[in-house]
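Asker: Got coords_14.cif for you, mmCIF, C-alpha atoms:
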```
data_my_file
loop_
_atom_site.group_PDB
_atom_site.id
_atom_site.type_symbol
_atom_site.label_atom_id
_atom_site.label_comp_id
_atom_site.auth_asym_id
_atom_site.auth_seq_id
_atom_site.Cartn_x
_atom_site.Cartn_y
_atom_site.Cartn_z
ATOM 1 C CA MET A 1 11.690 -12.430 -15.649
ATOM 2 C CA HIS A 2 10.669 -14.897 -18.339
ATOM 3 C CA ASP A 3 8.058 -16.710 -16.228
ATOM 4 C CA SER A 4 6.511 -13.527 -14.932
ATOM 5 C CA SER A 5 6.538 -12.077 -18.466
ATOM 6 C CA SER A 6 3.907 -14.437 -19.789
ATOM 7 C CA ARG A 7 1.770 -13.917 -16.672
ATOM 8 C CA ILE A 8 1.993 -10.141 -17.086
ATOM 9 C CA LEU A 9 0.546 -10.326 -20.590
ATOM 10 C CA GLU A 10 -2.514 -12.166 -19.266
ATOM 11 C CA GLN A 11 -3.297 -9.351 -16.851
ATOM 12 C CA ASN A 12 -5.064 -6.055 -17.115
ATOM 13 C CA PRO A 13 -2.513 -3.167 -17.181
ATOM 14 C CA ASP A 14 -4.379 -1.516 -14.262
ATOM 15 C CA VAL A 15 -3.859 -4.634 -12.139
ATOM 16 C CA ILE A 16 -0.162 -4.703 -13.049
ATOM 17 C CA ALA A 17 0.223 -1.016 -12.152
ATOM 18 C CA ASN A 18 -1.608 -1.391 -8.829
ATOM 19 C CA ARG A 19 0.534 -4.348 -7.850
ATOM 20 C CA LEU A 20 3.783 -2.575 -8.756
ATOM 21 C CA ILE A 21 2.810 0.614 -6.921
ATOM 22 C CA GLN A 22 1.673 -1.352 -3.878
ATOM 23 C CA LYS A 23 5.038 -3.129 -3.746
ATOM 24 C CA ALA A 24 6.937 0.133 -4.214
ATOM 25 C CA GLN A 25 4.825 1.910 -1.587
ATOM 26 C CA HIS A 26 5.914 -0.509 1.139
ATOM 27 C CA ARG A 27 9.541 -0.984 0.108
ATOM 28 C CA ASP A 28 10.933 1.326 2.817
ATOM 29 C CA GLY A 29 8.617 0.320 5.687
ATOM 30 C CA LEU A 30 7.690 3.953 6.471
ATOM 31 C CA PRO A 31 3.887 3.506 6.215
ATOM 32 C CA GLU A 32 4.093 0.515 8.579
ATOM 33 C CA ILE A 33 6.265 2.416 11.064
ATOM 34 C CA LEU A 34 3.765 5.293 11.231
ATOM 35 C CA ILE A 35 0.664 3.091 11.417
ATOM 36 C CA GLY A 36 2.391 0.917 14.038
ATOM 37 C CA LEU A 37 3.290 4.022 16.035
ATOM 38 C CA ALA A 38 -0.323 5.261 15.881
ATOM 39 C CA PHE A 39 -1.608 1.887 17.130
ATOM 40 C CA LEU A 40 0.990 1.807 19.933
ATOM 41 C CA ILE A 41 0.003 5.313 21.071
ATOM 42 C CA LEU A 42 -3.678 4.324 20.889
ATOM 43 C CA ALA A 43 -3.025 1.201 22.993
ATOM 44 C CA ALA A 44 -0.944 3.202 25.498
ATOM 45 C CA THR A 45 -3.686 5.812 25.980
ATOM 46 C CA MET A 46 -6.269 3.045 26.525
ATOM 47 C CA TRP A 47 -4.004 1.348 29.037
ATOM 48 C CA VAL A 48 -3.406 4.648 30.912
ATOM 49 C CA GLN A 49 -7.182 5.165 31.140
ATOM 50 C CA LEU A 50 -7.513 1.705 32.669
ATOM 51 C CA VAL A 51 -4.691 2.055 35.194
ATOM 52 C CA PHE A 52 -5.026 5.659 36.355
ATOM 53 C CA PRO A 53 -8.099 7.099 38.092
ATOM 54 C CA GLN A 54 -10.441 9.349 36.152
ATOM 55 C CA GLY A 55 -9.427 13.021 36.513
ATOM 56 C CA SER A 56 -5.747 12.302 37.237
ATOM 57 C CA GLN A 57 -3.041 14.023 35.174
ATOM 58 C CA PRO A 58 -2.025 10.905 33.175
ATOM 59 C CA TYR A 59 -5.701 10.160 32.471
ATOM 60 C CA LYS A 60 -6.297 13.709 31.156
ATOM 61 C CA ALA A 61 -3.101 13.565 29.101
ATOM 62 C CA ALA A 62 -4.213 10.246 27.582
ATOM 63 C CA ILE A 63 -7.558 11.801 26.576
ATOM 64 C CA TRP A 64 -5.761 14.688 24.840
ATOM 65 C CA VAL A 65 -3.346 12.389 23.045
ATOM 66 C CA LEU A 66 -6.217 10.125 21.987
ATOM 67 C CA GLY A 67 -8.350 13.038 20.804
ATOM 68 C CA LEU A 68 -5.677 15.116 19.105
ATOM 69 C CA GLY A 69 -2.363 13.261 18.830
ATOM 70 C CA VAL A 70 -3.530 10.064 17.136
ATOM 71 C CA PRO A 71 -5.799 11.765 14.533
ATOM 72 C CA ALA A 72 -3.062 14.338 13.818
ATOM 73 C CA LEU A 73 -0.517 11.560 13.281
ATOM 74 C CA MET A 74 -2.888 9.644 10.994
ATOM 75 C CA LEU A 75 -3.861 12.715 8.977
ATOM 76 C CA SER A 76 -0.279 13.906 8.528
ATOM 77 C CA SER A 77 1.230 10.462 7.886
ATOM 78 C CA GLN A 78 1.172 10.745 4.064
ATOM 79 C CA TRP A 79 2.812 14.160 4.228
ATOM 80 C CA ILE A 80 5.490 12.898 6.663
ATOM 81 C CA ILE A 81 6.239 9.858 4.465
ATOM 82 C CA LYS A 82 6.536 12.041 1.355
ATOM 83 C CA LYS A 83 8.880 14.517 3.099
ATOM 84 C CA VAL A 84 11.124 11.803 4.593
ATOM 85 C CA ARG A 85 11.360 9.974 1.274
ATOM 86 C CA ARG A 86 12.175 13.085 -0.724
ATOM 87 C CA LYS A 87 14.655 14.477 1.806
ATOM 88 C CA PHE A 88 16.519 11.386 2.982
ATOM 89 C CA LEU A 89 15.656 8.364 0.842
ATOM 90 C CA ILE A 90 15.503 9.689 -2.709
ATOM 91 C CA GLU A 91 18.737 7.901 -3.724
ATOM 92 C CA LYS A 92 17.420 4.594 -2.416
ATOM 93 C CA VAL A 93 13.745 4.645 -3.334
ATOM 94 C CA GLY A 94 13.610 7.184 -6.154
ATOM 95 C CA PHE A 95 11.084 9.904 -6.797
ATOM 96 C CA VAL A 96 7.420 9.536 -7.662
ATOM 97 C CA ALA A 97 4.550 11.999 -7.903
ATOM 98 C CA MET A 98 1.307 10.119 -7.313
ATOM 99 C CA LYS A 99 -1.995 11.045 -8.902
ATOM 100 C CA PRO A 100 -4.593 12.662 -6.646
ATOM 101 C CA VAL A 101 -6.599 10.182 -4.546
ATOM 102 C CA ASN A 102 -9.255 8.352 -6.523
ATOM 103 C CA ARG A 103 -12.474 9.294 -4.692
ATOM 104 C CA LYS A 104 -14.470 6.474 -6.228
ATOM 105 C CA ARG A 105 -11.995 3.930 -4.866
ATOM 106 C CA ALA A 106 -11.985 5.607 -1.426
ATOM 107 C CA TYR A 107 -15.798 5.444 -1.310
ATOM 108 C CA ILE A 108 -15.693 1.739 -2.252
ATOM 109 C CA ALA A 109 -13.166 1.015 0.564
ATOM 110 C CA VAL A 110 -15.302 2.892 3.122
ATOM 111 C CA SER A 111 -18.442 1.078 1.913
ATOM 112 C CA ILE A 112 -16.721 -2.333 2.277
ATOM 113 C CA ALA A 113 -15.542 -1.435 5.818
ATOM 114 C CA PHE A 114 -19.083 -0.301 6.697
ATOM 115 C CA ALA A 115 -20.602 -3.510 5.273
ATOM 116 C CA ILE A 116 -18.149 -5.620 7.337
ATOM 117 C CA ALA A 117 -19.049 -3.638 10.482
ATOM 118 C CA VAL A 118 -22.799 -4.103 9.837
ATOM 119 C CA ALA A 119 -22.305 -7.838 9.181
ATOM 120 C CA ALA A 120 -20.287 -8.186 12.416
ATOM 121 C CA ALA A 121 -22.976 -6.319 14.393
ATOM 122 C CA PHE A 122 -25.676 -8.527 12.871
ATOM 123 C CA ALA A 123 -23.706 -11.697 13.683
ATOM 124 C CA ALA A 124 -23.227 -10.425 17.239
ATOM 125 C CA TYR A 125 -26.978 -9.793 17.510
ATOM 126 C CA LEU A 126 -27.808 -13.311 16.277
ATOM 127 C CA GLY A 127 -25.366 -14.993 18.624
ATOM 128 C CA ARG A 128 -25.921 -12.733 21.642
ATOM 129 C CA GLY A 129 -27.139 -15.606 23.840
ATOM 130 C CA SER A 130 -24.184 -17.921 23.398
ATOM 131 C CA PHE A 131 -21.325 -15.413 23.288
ATOM 132 C CA PRO A 132 -20.953 -12.091 25.181
ATOM 133 C CA PRO A 133 -20.952 -8.890 23.015
ATOM 134 C CA THR A 134 -17.450 -7.988 24.257
ATOM 135 C CA ALA A 135 -16.084 -11.194 22.776
ATOM 136 C CA TRP A 136 -17.874 -10.558 19.466
ATOM 137 C CA LEU A 137 -16.410 -7.081 19.253
ATOM 138 C CA LEU A 138 -12.860 -8.250 19.986
ATOM 139 C CA ALA A 139 -13.024 -11.200 17.612
ATOM 140 C CA GLY A 140 -14.738 -9.088 14.921
ATOM 141 C CA THR A 141 -12.186 -6.281 15.196
ATOM 142 C CA GLY A 142 -9.306 -8.758 15.061
ATOM 143 C CA ILE A 143 -10.679 -10.638 12.045
ATOM 144 C CA GLY A 144 -11.880 -7.486 10.225
ATOM 145 C CA GLY A 145 -8.629 -5.608 10.900
ATOM 146 C CA GLY A 146 -6.574 -8.615 9.867
ATOM 147 C CA ALA A 147 -8.520 -8.999 6.616
ATOM 148 C CA LEU A 148 -8.102 -5.279 5.910
ATOM 149 C CA MET A 149 -4.343 -5.565 6.494
ATOM 150 C CA VAL A 150 -4.033 -8.483 4.069
ATOM 151 C CA LEU A 151 -6.108 -6.701 1.413
ATOM 152 C CA ALA A 152 -4.391 -3.334 1.822
ATOM 153 C CA GLY A 153 -0.823 -4.661 2.019
ATOM 154 C CA ARG A 154 -0.898 -7.515 -0.521
ATOM 155 C CA LEU A 155 2.577 -8.621 0.560
ATOM 156 C CA PRO A 156 3.544 -11.796 2.462
ATOM 157 C CA ARG A 157 4.491 -9.888 5.619
ATOM 158 C CA PHE A 158 1.055 -8.246 5.705
ATOM 159 C CA ALA A 159 -0.629 -11.634 5.248
ATOM 160 C CA VAL A 160 1.269 -12.911 8.306
ATOM 161 C CA GLY A 161 0.410 -9.718 10.238
ATOM 162 C CA GLY A 162 -3.269 -9.992 9.272
ATOM 163 C CA MET A 163 -3.453 -13.609 10.406
ATOM 164 C CA LEU A 164 -1.742 -12.728 13.706
ATOM 165 C CA MET A 165 -4.202 -9.873 14.269
ATOM 166 C CA ALA A 166 -7.164 -12.169 13.611
ATOM 167 C CA ALA A 167 -5.705 -14.844 15.919
ATOM 168 C CA THR A 168 -5.064 -12.266 18.674
ATOM 169 C CA GLY A 169 -8.672 -11.036 18.416
ATOM 170 C CA ILE A 170 -10.046 -14.591 18.666
ATOM 171 C CA VAL A 171 -7.773 -15.499 21.620
ATOM 172 C CA LEU A 172 -8.798 -12.298 23.437
ATOM 173 C CA ALA A 173 -12.478 -13.044 22.734
ATOM 174 C CA PHE A 174 -12.168 -16.406 24.495
ATOM 175 C CA SER A 175 -9.940 -15.128 27.313
ATOM 176 C CA GLY A 176 -12.755 -13.197 29.002
ATOM 177 C CA VAL A 177 -10.854 -9.891 29.381
ATOM 178 C CA SER A 178 -12.758 -6.601 29.570
ATOM 179 C CA LEU A 179 -13.447 -4.736 26.325
ATOM 180 C CA GLU A 180 -11.049 -1.884 27.208
ATOM 181 C CA LEU A 181 -8.190 -4.181 28.158
ATOM 182 C CA GLY A 182 -8.892 -6.405 25.154
ATOM 183 C CA PHE A 183 -8.675 -3.480 22.731
ATOM 184 C CA ALA A 184 -5.541 -2.136 24.454
ATOM 185 C CA ILE A 185 -3.853 -5.543 24.026
ATOM 186 C CA LEU A 186 -5.106 -6.009 20.447
ATOM 187 C CA TYR A 187 -4.010 -2.541 19.280
ATOM 188 C CA GLY A 188 -0.738 -2.809 21.208
ATOM 189 C CA ALA A 189 0.078 -6.186 19.647
ATOM 190 C CA ILE A 190 -0.702 -5.071 16.114
ATOM 191 C CA GLY A 191 1.111 -1.736 16.629
ATOM 192 C CA LEU A 192 4.218 -3.525 17.863
ATOM 193 C CA LEU A 193 4.098 -5.991 14.987
ATOM 194 C CA LEU A 194 3.783 -3.245 12.356
ATOM 195 C CA PHE A 195 6.416 -1.064 14.008
ATOM 196 C CA VAL A 196 8.956 -3.911 14.240
ATOM 197 C CA SER A 197 8.356 -5.165 10.682
ATOM 198 C CA GLY A 198 8.439 -1.604 9.268
ATOM 199 C CA THR A 199 11.621 -0.747 11.163
ATOM 200 C CA THR A 200 13.281 -3.978 9.991
ATOM 201 C CA VAL A 201 12.445 -3.224 6.345
ATOM 202 C CA PHE A 202 13.599 0.385 6.778
ATOM 203 C CA LEU A 203 16.935 -0.613 8.359
ATOM 204 C CA ILE A 204 17.612 -3.207 5.654
ATOM 205 C CA LEU A 205 16.980 -0.542 3.003
ATOM 206 C CA VAL A 206 19.127 2.094 4.732
ATOM 207 C CA CYS A 207 22.037 -0.330 5.280
ATOM 208 C CA LYS A 208 21.991 -1.474 1.655
ATOM 209 C CA PRO A 209 24.509 0.533 -0.427
ATOM 210 C CA ALA A 210 22.884 2.919 -2.909
ATOM 211 C CA GLU A 211 23.148 1.728 -6.492
ATOM 212 C CA THR A 212 24.711 3.951 -9.098
ATOM 213 C CA LYS A 213 22.341 5.653 -11.486
ATOM 214 C CA GLU A 214 21.835 4.695 -15.104
ATOM 215 C CA MET B 1 -12.031 -16.488 -36.232
ATOM 216 C CA SER B 2 -14.102 -13.834 -34.509
ATOM 217 C CA ALA B 3 -13.534 -10.146 -35.155
ATOM 218 C CA LYS B 4 -12.501 -9.601 -31.529
ATOM 219 C CA ILE B 5 -9.749 -12.195 -31.768
ATOM 220 C CA GLN B 6 -8.627 -10.779 -35.105
ATOM 221 C CA ARG B 7 -8.182 -7.388 -33.425
ATOM 222 C CA LEU B 8 -5.294 -8.905 -31.456
ATOM 223 C CA GLY B 9 -3.301 -8.426 -34.645
ATOM 224 C CA GLU B 10 -3.660 -4.656 -34.179
ATOM 225 C CA ILE B 11 -1.881 -4.720 -30.810
ATOM 226 C CA ASP B 12 1.017 -2.333 -30.591
ATOM 227 C CA ARG B 13 4.180 -4.437 -30.411
ATOM 228 C CA VAL B 14 6.160 -1.760 -28.578
ATOM 229 C CA ILE B 15 4.014 -1.977 -25.429
ATOM 230 C CA HIS B 16 3.093 -5.641 -25.836
ATOM 231 C CA GLU B 17 6.575 -6.610 -24.643
ATOM 232 C CA PRO B 18 6.132 -7.541 -20.918
ATOM 233 C CA ALA B 19 8.818 -5.263 -19.476
ATOM 234 C CA ARG B 20 7.609 -2.280 -21.493
ATOM 235 C CA LEU B 21 3.999 -3.049 -20.575
ATOM 236 C CA MET B 22 5.015 -2.962 -16.896
ATOM 237 C CA ILE B 23 6.722 0.409 -17.380
ATOM 238 C CA VAL B 24 3.812 1.935 -19.316
ATOM 239 C CA ALA B 25 1.204 0.547 -16.891
ATOM 240 C CA LEU B 26 3.179 1.929 -13.955
ATOM 241 C CA LEU B 27 3.617 5.367 -15.540
ATOM 242 C CA ALA B 28 -0.102 5.446 -16.407
ATOM 243 C CA ALA B 29 -0.937 5.072 -12.729
ATOM 244 C CA VAL B 30 1.307 7.917 -11.481
ATOM 245 C CA GLU B 31 1.856 11.526 -12.504
ATOM 246 C CA GLU B 32 5.592 11.012 -13.013
ATOM 247 C CA ALA B 33 8.379 8.857 -11.623
ATOM 248 C CA ASP B 34 12.148 8.848 -11.785
ATOM 249 C CA PHE B 35 14.392 6.092 -13.155
ATOM 250 C CA GLN B 36 15.223 4.719 -9.700
ATOM 251 C CA TYR B 37 11.558 4.425 -8.691
ATOM 252 C CA VAL B 38 10.606 2.674 -11.945
ATOM 253 C CA ARG B 39 13.596 0.338 -11.575
ATOM 254 C CA GLN B 40 12.651 -0.548 -7.976
ATOM 255 C CA ALA B 41 8.982 -1.040 -8.779
ATOM 256 C CA THR B 42 9.501 -3.161 -11.895
ATOM 257 C CA GLY B 43 12.540 -5.101 -10.676
ATOM 258 C CA LEU B 44 14.315 -4.565 -14.016
ATOM 259 C CA THR B 45 18.088 -4.163 -14.206
ATOM 260 C CA GLN B 46 19.508 -0.720 -14.973
ATOM 261 C CA GLY B 47 20.667 -1.663 -18.479
ATOM 262 C CA ASN B 48 17.416 -3.367 -19.307
ATOM 263 C CA LEU B 49 15.319 -0.471 -18.050
ATOM 264 C CA SER B 50 17.463 2.077 -19.927
ATOM 265 C CA ALA B 51 17.009 0.152 -23.175
ATOM 266 C CA HIS B 52 13.237 -0.160 -22.738
ATOM 267 C CA LEU B 53 12.843 3.504 -21.776
ATOM 268 C CA SER B 54 14.773 4.519 -24.888
ATOM 269 C CA LYS B 55 12.473 2.415 -27.083
ATOM 270 C CA LEU B 56 9.378 3.897 -25.467
ATOM 271 C CA GLU B 57 10.763 7.407 -25.839
ATOM 272 C CA GLU B 58 11.610 6.792 -29.500
ATOM 273 C CA ALA B 59 8.038 5.629 -30.093
ATOM 274 C CA GLY B 60 6.790 8.816 -28.416
ATOM 275 C CA TYR B 61 4.961 6.940 -25.656
ATOM 276 C CA ILE B 62 6.893 8.478 -22.784
ATOM 277 C CA ALA B 63 8.713 11.750 -22.171
ATOM 278 C CA ILE B 64 12.029 11.754 -20.324
ATOM 279 C CA GLU B 65 13.387 14.822 -18.588
ATOM 280 C CA LYS B 66 16.728 15.144 -16.814
ATOM 281 C CA THR B 67 16.553 17.394 -13.794
ATOM 282 C CA PHE B 68 17.904 17.862 -10.259
ATOM 283 C CA ARG B 69 16.345 17.686 -6.835
ATOM 284 C CA GLY B 70 18.881 19.435 -4.635
ATOM 285 C CA LYS B 71 22.179 17.761 -5.547
ATOM 286 C CA TYR B 72 20.524 14.554 -6.676
ATOM 287 C CA PRO B 73 20.135 14.096 -10.444
ATOM 288 C CA LEU B 74 16.751 12.762 -11.497
ATOM 289 C CA THR B 75 15.651 11.179 -14.750
ATOM 290 C CA ILE B 76 11.944 11.869 -14.710
ATOM 291 C CA CYS B 77 9.695 9.702 -16.881
ATOM 292 C CA ARG B 78 6.071 10.432 -17.666
ATOM 293 C CA LEU B 79 3.554 8.906 -20.037
ATOM 294 C CA SER B 80 2.729 11.044 -23.072
ATOM 295 C CA GLU B 81 -0.784 11.541 -24.427
ATOM 296 C CA ARG B 82 0.108 9.215 -27.295
ATOM 297 C CA GLY B 83 1.327 6.583 -24.831
ATOM 298 C CA ARG B 84 -1.884 6.877 -22.820
ATOM 299 C CA ALA B 85 -4.009 6.467 -25.970
ATOM 300 C CA ILE B 86 -1.999 3.411 -27.060
ATOM 301 C CA LEU B 87 -2.363 1.859 -23.587
ATOM 302 C CA ASP B 88 -6.127 2.520 -23.580
ATOM 303 C CA ASN B 89 -6.446 0.823 -26.953
ATOM 304 C CA TYR B 90 -4.278 -2.094 -25.794
ATOM 305 C CA ARG B 91 -6.499 -2.468 -22.717
ATOM 306 C CA LYS B 92 -9.672 -2.529 -24.867
ATOM 307 C CA VAL B 93 -8.317 -5.063 -27.367
ATOM 308 C CA ILE B 94 -7.005 -7.421 -24.665
ATOM 309 C CA ARG B 95 -10.238 -7.203 -22.635
ATOM 310 C CA ALA B 96 -12.367 -7.908 -25.675
ATOM 311 C CA ALA B 97 -10.248 -10.816 -26.860
ATOM 312 C CA LEU B 98 -9.618 -12.651 -23.573
#
```
Output the file's structure in the form of C-alpha cells.
Answerer:
Amino acid sequence: MHDSSSRILEQNPDVIANRLIQKAQHRDGLPEILIGLAFLILAATMWVQLVFPQGSQPYKAAIWVLGLGVPALMLSSQWIIKKVRRKFLIEKVGFVAMKPVNRKRAYIAVSIAFAIAVAAAFAAYLGRGSFPPTAWLLAGTGIGGGALMVLAGRLPRFAVGGMLMAATGIVLAFSGVSLELGFAILYGAIGLLLFVSGTTVFLILVCKPAETKE
Amino acid sequence: MSAKIQRLGEIDRVIHEPARLMIVALLAAVEEADFQYVRQATGLTQGNLSAHLSKLEEAGYIAIEKTFRGKYPLTICRLSERGRAILDNYRKVIRAAL
C-alpha cells in the first residue's frame, strides 16, 4: 500500500477512479464470458455458411442467428451482467450503481475506431500490389482488435489476449486462407480465449469463500 | 515560490491521504457503491476501509446508508455535494501545481 500511495497522489483523481472501476468491472469475468460467447457464435455462423450450401436449413439458421442472435446478445449483455451480479454475486463482488454512459467518451471511442479503420483501408490501398486485400483485412482486424482489447481491458490478461489476437491475424494474413475462413478462425480463436479466461476468473471467484462484512 | 505552488497548502488533508483519495475518486465516478464493492476495487482491508469511511463521513464528504437487498445487508456509500466540491477543488489545485 505504501508504494502505491505515493504514486496515487501524483495522479489525477479521474485516472485513479477509471483504473479502479476498470479493475472492478472485470473481477468476475462476466463481461469476457459474454463477449467470448458472442465471438464464438459469430465464428460458428460464419463456419456454417462456409460448410453448408446456400439455402440449406443450417445456412438459413446461421443467417438468423447472425442477424438477430449476436446483436441481441451484445445489446443485452450489460443488462445480463447487472442481473447476474445483483442476484447471485452480490456477496462476492458487492453492489454498485454506475453513472449513465458518458456520451462524449462513447463518441471519442467510436471516432478512434473509425480512424483506425480508415488508416487500415488507406494502408491496404497503398500496398495493394504487394499484398492481397484479404490479407490486409485479416491482419488489420487482428491488430486493430488486439489493440482495442488491450486499451479497453487494461489488465495483464487482456494485454496477452490482445497480442494473441494480433498474432493470429498476422499468421492468417500470411497463410493464404479465404477471407471468410480467416475471419471464422480469428473470431473463433479470440472468442475461445475470452470465454476460457472469463470462465477461469469466474470460477476462481465463485470458489473463493465469501468474506464477512464489516 | 509561485502562487500556484503556494495553493498546495490549501489542499484538504482529509482527502489528500492516498486511501481516502482512492475512495473519494471511486465514489465520484459512480452513483453509489456498497462497502464490499469499494473494498474490492480499492484493495483495502475491511478495518482500514471502515476507518477511512468513518473519517470521510465525519467530514461530511460521503453519506453512508445501511439497507438490504433481499436478505443481503448493504452499506451504501455515496459522495455528498460537499465531497464533490472538495474533490473538484483538490483536482484544480493539483493540476495547477504539478
Asker: Define the interface residues of chain B facing chain A as those within 9 Å, counting only C-alpha atoms, and report them as a PyMOL selection string.
Answerer: chain B and resi 16-19+21-44+46-47+49-50+69+72-76+87+90-91+94-95+98
Asker: Could you give me the centre and size, in Å to one decimal, of an axis-aligned box around all listed atoms of stretch 45-54 of chain A with 6 Å added on every side, as AutoDock Vina command-line options?
Answerer:
```
--center_x -6.9 --center_y 5.3 --center_z 32.0 --size_x 19.0 --size_y 20.0 --size_z 24.1
```
Asker: Could you jot down the atom CA of A:Ala113 to atom CA of A:Ile81 separation for me, Å, one decimal place?
Answerer: 24.6 Å
Asker: I need the residue set behind the PyMOL selection byres ((chain A and resi 66-75) around 9) for this file; please write it as an NGL selection string.
Answerer: :A and (34-35 or 37-39 or 41-42 or 45-46 or 61-65 or 76-79)
Asker: Using only C-alpha atoms, which of A:Ile185, A:Val201, A:Val206, A:Ile108 sits nearest A:Ala43?
Answerer: A:Ile185
Asker: Quick one: everything within 10 Å of A:Ser175, counting all atoms listed in the file, minus sequence neighbours fewer than 6 positions away in the same chain. Send it as a list of chain:residue names.
Answerer: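 Contacts, with the query itself left out: A:Ala135, A:Gly169, A:Gly182.
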Asker: With a distance cut-off of 12 Å and all atoms listed in the file, select the neighbouring residues of A:Leu138, excluding the residue or stretch itself and same-chain residues fewer than 5 positions from it, and output the selection as a PyMOL selection string.
Answerer: chain A and resi 120-121+124+131-133+143-146+165-187
